[in-house]
Amino acid sequence: MPQFQFKQFSVQQDKCAMKIGTDAVLLGAWCPIENNTFSVLDIGAGTGILSLMLAQRTNAEQIDAIEIDENAYEQAVDNFENSPWGDRLFCFHAGLDEFIEEPEDEYDLIVSNPPFYSEDYKTENEQRDLARFQDAMPFEDLVAAADLLLSENGIFAVIIPFKEEAKFIALAKDFDLFPIKITHIKGTPTADIKRSLLAFSRTENNTFPIDELVIETARHEYTDEYIALTRDFYLKM
């Protein structure tokens with residue numbers, strides 16, 4: 001499926017190793033935007049789906065994305081230009097290490113759907129591996145960059161495997177970034193928790209909400225909570 005049609009925009013994905021998946025849509029719909037978001041940074045943009053969702057959800061005047069893979073970068077640029085918000089979206093063809101060498105801006109919201117298949121599993125497709133594997137962008141590098149680039153009242157939001165949650169929270173704490181909201185994702189009511197949606201800020205808060213979101217009760221039978229979260233984006237919700 002080269003093109004993915006959402007309510008207010010469409011996304012071409014034929015050049016991208018990692019196609020649009022539930023993870024990106026969950027993060028784009030879920031991440032907190034209550035802090036008068038003026039500027040957004042999407043780390044590891046892929047198709048640009050997260051940036052496009054946040055262009056729809058916010059009035060942010062500056063939405064920057066970075067993408068290291070050349071094909072994905074070109075695809076994101078095309079998707080930005082063909083969206084209703086082309087004047088607010090900009091993609092840099094760079095790795096995270098290059099981007100933070102000379103940081104010019106701070107961001108009110110930093111989002112990332114990072115590569116996280118850290119198991120010893122590689123395919124024959126190097127481009128897909130780069131998109132999927134943590135060694136392309138270790139969590140340590142991601143959190144350090146967020147600390148460097150996040151504004152004083154900014155929010156940093158990610159989606160990661162649930163099994164990595166405790167490690168990621170501890171890592172963030174080393175950089176004085178603290179959870180403000182956590183949602184655990186389950187495919188079905190009886191399934192194990194598969195993903196963690198995490199949002200951090202520079203202010204420590206010991207009473208932040210932790211909740212759970214179930215996607216389906218049966219195949220293509222979506223829960224009310226999932227529909228409520230994604231209905232502004234999916235055509236058939």
# chains A, B, ... in the order shown; residues from 1 in each chain; ligands from 1
$ residues_around --residues "Asp232 in chain A" --least-positions-apart "4" --cutoff "10 Å" --atoms "only C-alpha atoms" --output "PyMOL selection string"
chain A and resi 6-8+29+53+56-57+227-228+236-237
$ select_by_dssp --residues "range 31-175 of chain A" --states "strand (DSSP E)" --output "NGL selection string"
:A and (39-43 or 62-67 or 89-93 or 107-112 or 150-161)
$ write_last_selection --atoms "C-alpha atoms" --output "mmCIF file, in the first residue's frame"
data_model
loop_
_atom_site.group_PDB
_atom_site.id
_atom_site.type_symbol
_atom_site.label_atom_id
_atom_site.label_comp_id
_atom_site.auth_asym_id
_atom_site.auth_seq_id
_atom_site.Cartn_x
_atom_site.Cartn_y
_atom_site.Cartn_z
ATOM 1 C CA SER A 39 7.850 24.367 18.079
ATOM 2 C CA VAL A 40 7.959 20.599 17.512
ATOM 3 C CA LEU A 41 10.830 18.218 16.707
ATOM 4 C CA ASP A 42 10.234 14.739 15.266
ATOM 5 C CA ILE A 43 13.354 12.574 15.685
ATOM 6 C CA GLN A 62 7.719 25.405 13.520
ATOM 7 C CA ILE A 63 7.627 21.639 13.025
ATOM 8 C CA ASP A 64 11.055 20.194 12.271
ATOM 9 C CA ALA A 65 11.805 16.575 11.479
ATOM 10 C CA ILE A 66 15.114 14.759 11.091
ATOM 11 C CA GLU A 67 15.649 11.598 9.077
ATOM 12 C CA LEU A 89 6.882 21.536 8.169
ATOM 13 C CA PHE A 90 10.598 21.129 7.479
ATOM 14 C CA CYS A 91 12.719 17.979 7.242
ATOM 15 C CA PHE A 92 16.485 17.814 7.788
ATOM 16 C CA HIS A 93 18.484 15.042 6.124
ATOM 17 C CA TYR A 107 11.516 22.739 21.126
ATOM 18 C CA ASP A 108 8.311 22.716 23.174
ATOM 19 C CA LEU A 109 7.514 19.181 22.056
ATOM 20 C CA ILE A 110 9.960 16.457 21.005
ATOM 21 C CA VAL A 111 8.516 13.189 19.726
ATOM 22 C CA SER A 112 10.120 9.972 18.558
ATOM 23 C CA LEU A 150 13.864 20.604 25.026
ATOM 24 C CA SER A 151 12.581 23.996 26.147
ATOM 25 C CA GLU A 152 12.179 24.718 29.863
ATOM 26 C CA ASN A 153 8.502 23.766 29.883
ATOM 27 C CA GLY A 154 8.774 21.302 27.017
ATOM 28 C CA ILE A 155 7.444 17.754 26.725
ATOM 29 C CA PHE A 156 9.330 14.740 25.348
ATOM 30 C CA ALA A 157 7.138 11.839 24.190
ATOM 31 C CA VAL A 158 8.044 8.379 22.875
ATOM 32 C CA ILE A 159 6.586 4.954 22.219
ATOM 33 C CA ILE A 160 8.790 1.999 23.172
ATOM 34 C CA PRO A 161 8.431 -1.712 24.010
#
$ select_by_dssp --residues "range 15-228 of chain A" --states "helix (DSSP H, G or I)" --output "ChimeraX atom specification"
/A:22-30,49-57,70-81,96-99,126-132,134-136,139-149,162-174,224-228
$ residues_around --residues "Val77 in chain A" --least-positions-apart "2" --cutoff "8 Å" --atoms "only C-alpha atoms" --output "compact mmCIF listing (two decimals) with N, CA, C and O atoms, in the first residue's frame"
# COMPACT_ATOMS: atom_id res chain seq x y z
N GLY A 48 7.16 10.87 7.90
CA GLY A 48 6.72 12.18 8.37
C GLY A 48 5.37 12.15 9.06
O GLY A 48 4.82 13.19 9.41
N TYR A 73 13.86 10.36 3.91
CA TYR A 73 13.92 11.83 3.95
C TYR A 73 13.18 12.44 2.75
O TYR A 73 12.35 13.35 2.91
N GLU A 74 13.48 11.91 1.55
CA GLU A 74 12.82 12.45 0.34
C GLU A 74 11.30 12.24 0.40
O GLU A 74 10.53 13.10 -0.01
N GLN A 75 10.92 11.09 0.94
CA GLN A 75 9.49 10.80 1.06
C GLN A 75 8.82 11.76 2.04
O GLN A 75 7.73 12.28 1.77
N ASN A 79 5.77 14.32 1.34
CA ASN A 79 4.54 14.27 2.13
C ASN A 79 4.24 15.62 2.79
O ASN A 79 3.08 16.03 2.87
N PHE A 80 5.28 16.29 3.26
CA PHE A 80 5.09 17.62 3.86
C PHE A 80 4.58 18.61 2.82
O PHE A 80 3.64 19.38 3.07
N GLU A 81 5.22 18.60 1.64
CA GLU A 81 4.86 19.56 0.60
C GLU A 81 3.44 19.35 0.09
O GLU A 81 2.77 20.29 -0.32
N PHE A 90 9.28 21.14 8.11
CA PHE A 90 10.60 21.13 7.48
C PHE A 90 11.34 19.86 7.90
O PHE A 90 11.36 19.51 9.08
N CYS A 91 11.97 19.20 6.93
CA CYS A 91 12.72 17.98 7.24
C CYS A 91 14.20 18.19 6.97
O CYS A 91 14.58 18.71 5.92
$ atom_distance --atom1 "CA of Gly95 in chain A" --atom2 "CA of Lys181 in chain A"
27.9 Å
$ residues_around --residues "Ser83 in chain A" --least-positions-apart "5" --cutoff "9 Å" --atoms "only C-alpha atoms" --output "tab-separated table (two decimals) with all heavy atoms, in the first residue's frame"
chain	number	residue	atom	x	y	z
A	8	GLN	N	-7.32	14.31	6.98
A	8	GLN	CA	-6.90	15.64	6.52
A	8	GLN	C	-5.62	15.64	5.69
A	8	GLN	O	-5.18	16.68	5.22
A	8	GLN	CB	-6.73	16.58	7.72
A	8	GLN	CG	-8.04	16.89	8.44
A	8	GLN	CD	-7.88	18.04	9.43
A	8	GLN	OE1	-7.10	18.97	9.22
A	8	GLN	NE2	-8.62	17.98	10.52
A	9	PHE	N	-5.01	14.48	5.52
A	9	PHE	CA	-3.78	14.41	4.72
A	9	PHE	C	-3.57	12.98	4.25
A	9	PHE	O	-4.19	12.05	4.76
A	9	PHE	CB	-2.57	14.90	5.53
A	9	PHE	CG	-2.29	14.11	6.78
A	9	PHE	CD1	-1.45	13.01	6.77
A	9	PHE	CD2	-2.88	14.48	8.00
A	9	PHE	CE1	-1.20	12.29	7.94
A	9	PHE	CE2	-2.64	13.76	9.17
A	9	PHE	CZ	-1.79	12.66	9.12
A	10	SER	N	-2.68	12.82	3.27
A	10	SER	CA	-2.31	11.47	2.84
A	10	SER	C	-0.80	11.32	2.93
A	10	SER	O	-0.05	12.31	2.90
A	10	SER	CB	-2.78	11.20	1.41
A	10	SER	OG	-2.15	12.10	0.52
A	11	VAL	N	-0.35	10.08	3.05
A	11	VAL	CA	1.07	9.80	3.24
A	11	VAL	C	1.51	8.77	2.21
A	11	VAL	O	0.98	7.65	2.19
A	11	VAL	CB	1.34	9.28	4.67
A	11	VAL	CG1	2.80	8.89	4.83
A	11	VAL	CG2	0.97	10.34	5.71
A	52	LEU	N	3.09	15.30	10.61
A	52	LEU	CA	1.82	15.65	9.97
A	52	LEU	C	0.67	15.61	10.97
A	52	LEU	O	-0.20	16.50	10.98
A	52	LEU	CB	1.56	14.70	8.80
A	52	LEU	CG	2.47	14.91	7.59
A	52	LEU	CD1	2.53	13.65	6.72
A	52	LEU	CD2	2.01	16.10	6.76
A	78	ASP	N	8.32	15.13	0.44
A	78	ASP	CA	7.17	15.09	-0.49
A	78	ASP	C	5.85	15.13	0.28
A	78	ASP	O	4.92	15.85	-0.09
A	78	ASP	CB	7.22	13.83	-1.36
A	78	ASP	CG	8.32	13.89	-2.41
A	78	ASP	OD1	8.84	14.99	-2.66
A	78	ASP	OD2	8.65	12.83	-2.98
$ closest_residue --among "A:Leu197, A:Ala76, A:Ala145, A:Ala55" --to "Thr37 in chain A" --atoms "only C-alpha atoms"
A:Ala55
$ residues_around --residues "Leu148 in chain A" --least-positions-apart "3" --cutoff "9 Å" --atoms "only C-alpha atoms" --output "PyMOL selection string"
chain A and resi 100+103+106+143-145+151
$ write_last_selection --atoms "N, CA, C and O atoms" --output "short mmCIF file (atom, residue, chain, number, x, y, z; two decimals), in the first residue's frame"
data_model
loop_
_atom_site.label_atom_id
_atom_site.label_comp_id
_atom_site.auth_asym_id
_atom_site.auth_seq_id
_atom_site.Cartn_x
_atom_site.Cartn_y
_atom_site.Cartn_z
N ILE A 100 22.55 17.68 16.49
CA ILE A 100 22.79 18.32 17.80
C ILE A 100 24.17 18.97 17.90
O ILE A 100 24.50 19.57 18.92
N PRO A 103 23.08 23.04 17.83
CA PRO A 103 21.65 23.26 18.05
C PRO A 103 21.30 24.75 18.01
O PRO A 103 21.92 25.56 18.70
N GLU A 106 15.34 25.52 20.58
CA GLU A 106 14.76 24.63 21.58
C GLU A 106 13.35 24.31 21.12
O GLU A 106 12.74 25.09 20.38
N VAL A 143 17.69 10.28 24.50
CA VAL A 143 17.36 11.03 25.73
C VAL A 143 18.32 12.21 25.90
O VAL A 143 17.90 13.31 26.29
N ALA A 144 19.59 12.00 25.60
CA ALA A 144 20.56 13.10 25.71
C ALA A 144 20.19 14.25 24.76
O ALA A 144 20.28 15.43 25.12
N ALA A 145 19.76 13.90 23.56
CA ALA A 145 19.35 14.92 22.59
C ALA A 145 18.10 15.65 23.07
O ALA A 145 17.99 16.88 22.94
N SER A 151 12.76 22.71 25.47
CA SER A 151 12.58 24.00 26.15
C SER A 151 12.26 23.77 27.63
O SER A 151 11.96 22.65 28.04
#
$ atom_distance --atom1 "CA of Ile182 in chain A" --atom2 "CA of Ala45 in chain A"
22.1 Å
$ atom_distance --atom1 "CA of Lys15 in chain A" --atom2 "CA of Ala72 in chain A"
6.1 Å
$ closest_atom_pairs --of "range 170-204 of chain A" --to "range 17-22 of chain A" --cutoff "12 Å" --atoms "only C-alpha atoms" --output "CSV"
residue,atom,partner,partner_atom,distance
A:Ile185,CA,A:Thr22,CA,10.6
A:Lys186,CA,A:Thr22,CA,11.6
A:Gly187,CA,A:Thr22,CA,10.3
A:Lys194,CA,A:Thr22,CA,11.8
A:Arg195,CA,A:Thr22,CA,10.6
$ closest_residue --among "A:Asp69, A:Glu212, A:Ala218, A:Tyr234" --to "Ile193 in chain A" --atoms "only C-alpha atoms"
A:Glu212
$ residues_around --residues "Asp141 in chain A" --least-positions-apart "6" --cutoff "12 Å" --atoms "only C-alpha atoms" --output "MDAnalysis selection string"
chainID A and resid 43 95:100 114 134:135 147:148 168 171:172 175
$ closest_residue --among "A:Leu50, A:Val25, A:Gln12, A:Pro84" --to "Asn71 in chain A" --atoms "only C-alpha atoms"
A:Gln12
